[in-house]
Every structure is written in C-alpha cells, then in structure tokens.
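To be precise, the following lines are my_file-v2.txt, and they hold compact mmCIF, C-alpha atoms (C1' of nucleotides).
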```txt
# COMPACT_ATOMS: atom_id res chain seq x y z
CA MET Z 7 142.92 174.25 136.29
CA ASN Z 8 141.01 171.53 137.72
CA VAL Z 9 143.96 169.16 137.69
CA GLY Z 10 141.56 166.48 136.57
CA GLN Z 11 140.93 165.59 140.14
CA PRO Z 12 137.41 166.13 141.46
CA GLU Z 13 137.74 167.97 144.70
CA LYS Z 14 134.75 166.15 146.06
CA LYS Z 15 133.65 168.59 148.66
CA HIS Z 16 130.48 168.73 150.63
CA ASN Z 17 129.70 171.82 148.59
CA ASP Z 18 129.09 169.58 145.63
CA PHE Z 19 125.77 168.55 147.03
CA PHE Z 20 124.84 172.12 147.83
CA GLN Z 21 125.85 173.31 144.41
CA ASN Z 22 123.73 170.63 142.86
CA VAL Z 23 120.68 171.65 144.81
CA TYR Z 24 121.16 175.32 144.06
CA ASP Z 25 121.59 174.61 140.40
CA VAL Z 26 118.35 172.67 140.14
CA VAL Z 27 116.40 175.20 142.18
CA ARG Z 28 117.65 178.01 140.01
CA LEU Z 29 116.46 176.12 136.96
CA ILE Z 30 112.91 176.09 138.25
CA PRO Z 31 110.85 178.27 135.91
CA ALA Z 32 108.72 181.01 137.38
CA GLY Z 33 105.23 179.90 138.19
CA ARG Z 34 106.41 176.37 138.79
CA VAL Z 35 107.12 174.51 142.00
CA THR Z 36 108.87 171.34 143.00
CA SER Z 37 109.37 169.17 146.03
CA TYR Z 38 112.49 168.35 148.01
CA GLY Z 39 112.12 164.68 147.24
CA ALA Z 40 111.99 165.37 143.50
CA ILE Z 41 115.24 167.30 143.64
CA ALA Z 42 116.82 164.71 145.86
CA ALA Z 43 115.78 161.97 143.49
CA TYR Z 44 117.14 163.91 140.56
CA LEU Z 45 120.43 164.31 142.35
CA GLY Z 46 120.39 160.66 143.20
CA SER Z 47 120.27 161.25 146.93
CA LYS Z 48 117.68 158.99 148.39
CA GLY Z 49 117.38 160.28 151.91
CA GLY Z 50 118.43 163.67 150.58
CA ALA Z 51 114.94 165.04 150.92
CA ARG Z 52 115.95 166.67 154.20
CA MET Z 53 119.37 167.52 152.92
CA VAL Z 54 117.91 169.51 150.05
CA GLY Z 55 115.90 171.84 152.24
CA TRP Z 56 118.62 171.92 154.82
CA ALA Z 57 121.13 172.91 152.14
CA MET Z 58 119.31 176.09 151.29
CA GLY Z 59 118.27 176.72 154.84
CA SER Z 60 121.91 177.08 155.63
CA SER Z 61 122.04 179.59 152.83
CA TYR Z 62 119.21 181.62 154.31
CA THR Z 63 117.17 181.28 151.12
CA GLU Z 64 118.33 184.57 149.69
CA HIS Z 65 121.31 184.06 147.46
CA GLY Z 66 119.66 184.25 144.09
CA ILE Z 67 117.89 181.01 144.79
CA PRO Z 68 114.11 180.94 144.35
CA ALA Z 69 113.60 178.80 147.39
CA HIS Z 70 109.98 179.86 147.49
CA ARG Z 71 109.46 177.54 144.55
CA VAL Z 72 110.49 174.57 146.62
CA VAL Z 73 107.97 173.01 148.96
CA ASN Z 74 107.33 169.64 150.47
CA ARG Z 75 105.66 166.81 148.58
CA GLU Z 76 102.22 167.98 149.68
CA GLY Z 77 102.61 171.39 148.16
CA VAL Z 78 102.59 172.99 151.59
CA LEU Z 79 104.83 175.97 152.32
CA THR Z 80 106.80 174.39 155.09
CA ALA Z 81 109.67 176.81 154.67
CA LYS Z 82 107.64 179.99 154.77
CA MET Z 83 108.89 180.61 158.29
CA GLN Z 84 112.47 180.59 157.11
CA PHE Z 85 111.82 183.65 155.01
CA ARG Z 86 112.11 187.14 156.31
CA THR Z 87 108.41 187.02 156.99
CA PRO Z 88 106.03 184.06 157.16
CA THR Z 89 104.19 185.51 154.21
CA THR Z 90 107.13 186.28 151.96
CA MET Z 91 107.12 182.86 150.42
CA GLN Z 92 103.45 182.97 149.64
CA GLU Z 93 103.70 186.49 148.29
CA LEU Z 94 106.51 185.51 145.98
CA LEU Z 95 104.62 182.49 144.73
CA GLU Z 96 101.45 184.43 144.08
CA LYS Z 97 103.48 187.08 142.37
CA GLU Z 98 104.73 184.46 139.95
CA GLY Z 99 101.23 183.25 139.28
CA VAL Z 100 101.07 180.41 141.77
CA ILE Z 101 97.93 180.33 143.83
CA VAL Z 102 98.55 179.63 147.48
CA LYS Z 103 95.77 179.06 149.92
CA ASN Z 104 96.07 178.16 153.56
CA ASP Z 105 99.82 177.85 153.03
CA LYS Z 106 99.14 175.23 150.43
CA ILE Z 107 99.69 175.47 146.69
CA GLN Z 108 96.58 175.13 144.58
CA ASN Z 109 96.75 172.95 141.50
CA TRP Z 110 99.89 171.55 143.05
CA LYS Z 111 99.83 168.62 140.70
CA GLU Z 112 99.77 170.92 137.70
CA ARG Z 113 102.32 173.29 139.13
CA PHE Z 114 104.65 170.48 140.05
CA TRP Z 115 107.91 170.78 138.16
CA ASP Z 116 109.86 167.57 138.02
CA PRO Z 117 113.56 168.01 137.18
CA GLU Z 118 113.80 164.47 135.94
CA LYS Z 119 110.84 164.92 133.68
CA GLU Z 120 111.31 168.52 132.58
CA LEU Z 121 115.04 168.29 132.26
C1' DC U 4 136.01 162.95 168.65
C1' DA U 5 131.06 162.14 169.62
C1' DT U 6 126.28 163.73 169.65
C1' DC U 7 122.19 166.19 167.80
C1' DT U 8 119.62 168.60 164.93
C1' DG U 9 117.37 169.51 160.42
C1' DA U 10 112.85 173.82 154.95
C1' DC U 11 111.48 165.60 154.47
C1' DT U 12 109.54 161.14 153.34
C1' DC U 13 108.05 156.54 153.97
C1' DC U 14 106.54 152.77 156.75
C1' DT U 15 104.16 150.77 160.66
C1' DT U 16 100.55 150.64 164.15
C1' DA C 7 91.71 156.32 157.60
C1' DA C 8 94.82 158.92 160.57
C1' DA C 9 98.74 159.44 163.71
C1' DG C 10 103.25 158.41 165.21
C1' DG C 11 107.86 156.82 164.76
C1' DA C 12 112.02 155.63 162.20
C1' DG C 13 115.45 156.57 158.48
C1' DC C 14 118.60 159.13 155.39
C1' DC C 15 123.27 162.39 155.03
C1' DA C 16 125.83 166.18 156.27
C1' DG C 17 127.05 170.12 159.04
C1' DA C 18 127.38 172.47 163.54
C1' DT C 19 128.45 172.57 168.56
```
Could you write out this file's structure as structure tokens?
Amino acid sequence: MNVGQPEKKHNDFFQNVYDVVRLIPAGRVTSYGAIAAYLGSKGGARMVGWAMGSSYTEHGIPAHRVVNREGVLTAKMQFRTPTTMQELLEKEGVIVKNDKIQNWKERFWDPEKEL
DNA sequence: CATCTGACTCCTT
DNA sequence: AAAGGAGCCAGAT
C-alpha cells in the first residue's frame, strides 16, 4: 500500500546510505564521497557519515568499511572503542596501519563501478 | 522559527 | 608543497 505517492521523507537519504554500506563486501572499503556521488548527493559527503553517526554505527551496518577519501579511519572514535573499527577491518582482511588503510586504492570499493 | 553543528571534500592562499 | 577556510544538506536544540 504505497498509494503510489512517494512519502519523500528525510529517511530516504538515510535508507539509501545504509543500503549502499550494507552492500559493501567484506574486505572492501569505500569513501563517503563515493557513496554520496552514487546517491547523487554532491555535498552529501558529510551527510553520509553523519547519517550513520546518528545511527551509532551498530544497526547491522558495517560502518567500519566506510572511511574518508584518504583511507583514514576518521570514524574510529565513534565506535565503542577507538580500536574497534581497525579490529573489524583487520578481521575482514583489511590491513590498517596508523589508522590508515593499506592498499587503500586496491581496497577501494566504488558503488558506481562495482554496482 | 532561527542558529549551529557534523564520521567530508574541494578550493584558495 | 602544505595549511587553512569555505561549502554542501539535514537534523537537533
């Protein structure tokens, strides 16, 4: 029963972000800008991270696979512990050193390209 | 109702 | 080349 009328709620943006993040395969990482670009939101780079930040990162969303465009774990502090993000990434096979992802270019998962 | 902040990114100096 | 400031949208106070 959707009534054919798009509700158009702010949640739409959030849902979009969550959907893309959940589609990120294990061992892969992406940047906020990539997701924002895929969603079509230009200045959405902040919005993307902010969207999950409001969700506290733990809602079935592998937020640890999302980092800034430099491959640096900027959001590690948002996790329960400043090392949780890195631990999760390493557990999935992603090498993180000095809070930065190694082979970032190879690990980079572009939704527009992969999807 | 108006103001400010925010897990970013790009441009200018 | 590096550092700093401005810009984007949406939610919260």
**Item:** Length of the C1' of DT15 in chain U to CA of Arg75 in chain Z vector [Å]
**Value:**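 These atoms are spaced 20.1 Å apart.
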**Message:** Excluding Leu94 in chain Z and its own-chain neighbours fewer than 5 positions away, which residues fall within 12 Å of it when counting all atoms listed in the file? Please give them as a PyMOL selection string.
**Reply:** chain Z and resi 32-35+68-72+79+82+85-89+99-102
**Item:** Pairwise distance for CA of Asn74 in chain Z and CA of Ser37 in chain Z, rounded to one decimal in Å
**Value:**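 Result for CA of Asn74 in chain Z versus CA of Ser37 in chain Z: 4.9 Å, one decimal.
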**Message:** Could you tell me which residues of chain Z sit within 6 Å of chain U when counting only C-alpha atoms (C1' of nucleotides), and give me the result as a list in words?
**Reply:**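 Using only C-alpha atoms (C1' of nucleotides), chain Z residues at most 6 Å from chain U: Ala51, Arg52, Gly55 and Ala81 of chain Z.
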For chain C, which residues have at least one atom within 8 Å of chain Z, if we go by only C-alpha atoms (C1' of nucleotides)? Write them as an mmCIF file with C-alpha atoms (C1' of nucleotides), in the frame of the given file, please.
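So the final result, stored in result37.cif, reads:
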```cif
data_model
loop_
_atom_site.group_PDB
_atom_site.id
_atom_site.type_symbol
_atom_site.label_atom_id
_atom_site.label_comp_id
_atom_site.auth_asym_id
_atom_site.auth_seq_id
_atom_site.Cartn_x
_atom_site.Cartn_y
_atom_site.Cartn_z
ATOM 1 C "C1'" DG C 13 115.450 156.570 158.480
ATOM 2 C "C1'" DC C 14 118.600 159.130 155.390
ATOM 3 C "C1'" DC C 15 123.270 162.390 155.030
ATOM 4 C "C1'" DA C 16 125.830 166.180 156.270
#
```
**Item:** Atom-to-atom span, CA of Gly77 in chain Z and CA of Gln21 in chain Z, Å
**Value:** 23.6 Å
**Request:** List the residues sitting within 12 Å of (114.6, 166.6, 135.4) in the file's frame, using only C-alpha atoms (C1' of nucleotides), as a PyMOL selection string.
**Result:** chain Z and resi 25-27+29-30+36+40-46+114-121
**Message:** Just want the 8 Å neighbourhood of Arg28 in chain Z, counted on only C-alpha atoms (C1' of nucleotides), with same-chain residues fewer than 4 positions away dropped. Output as a PyMOL selection string.
**Reply:** chain Z and resi 24+66-68
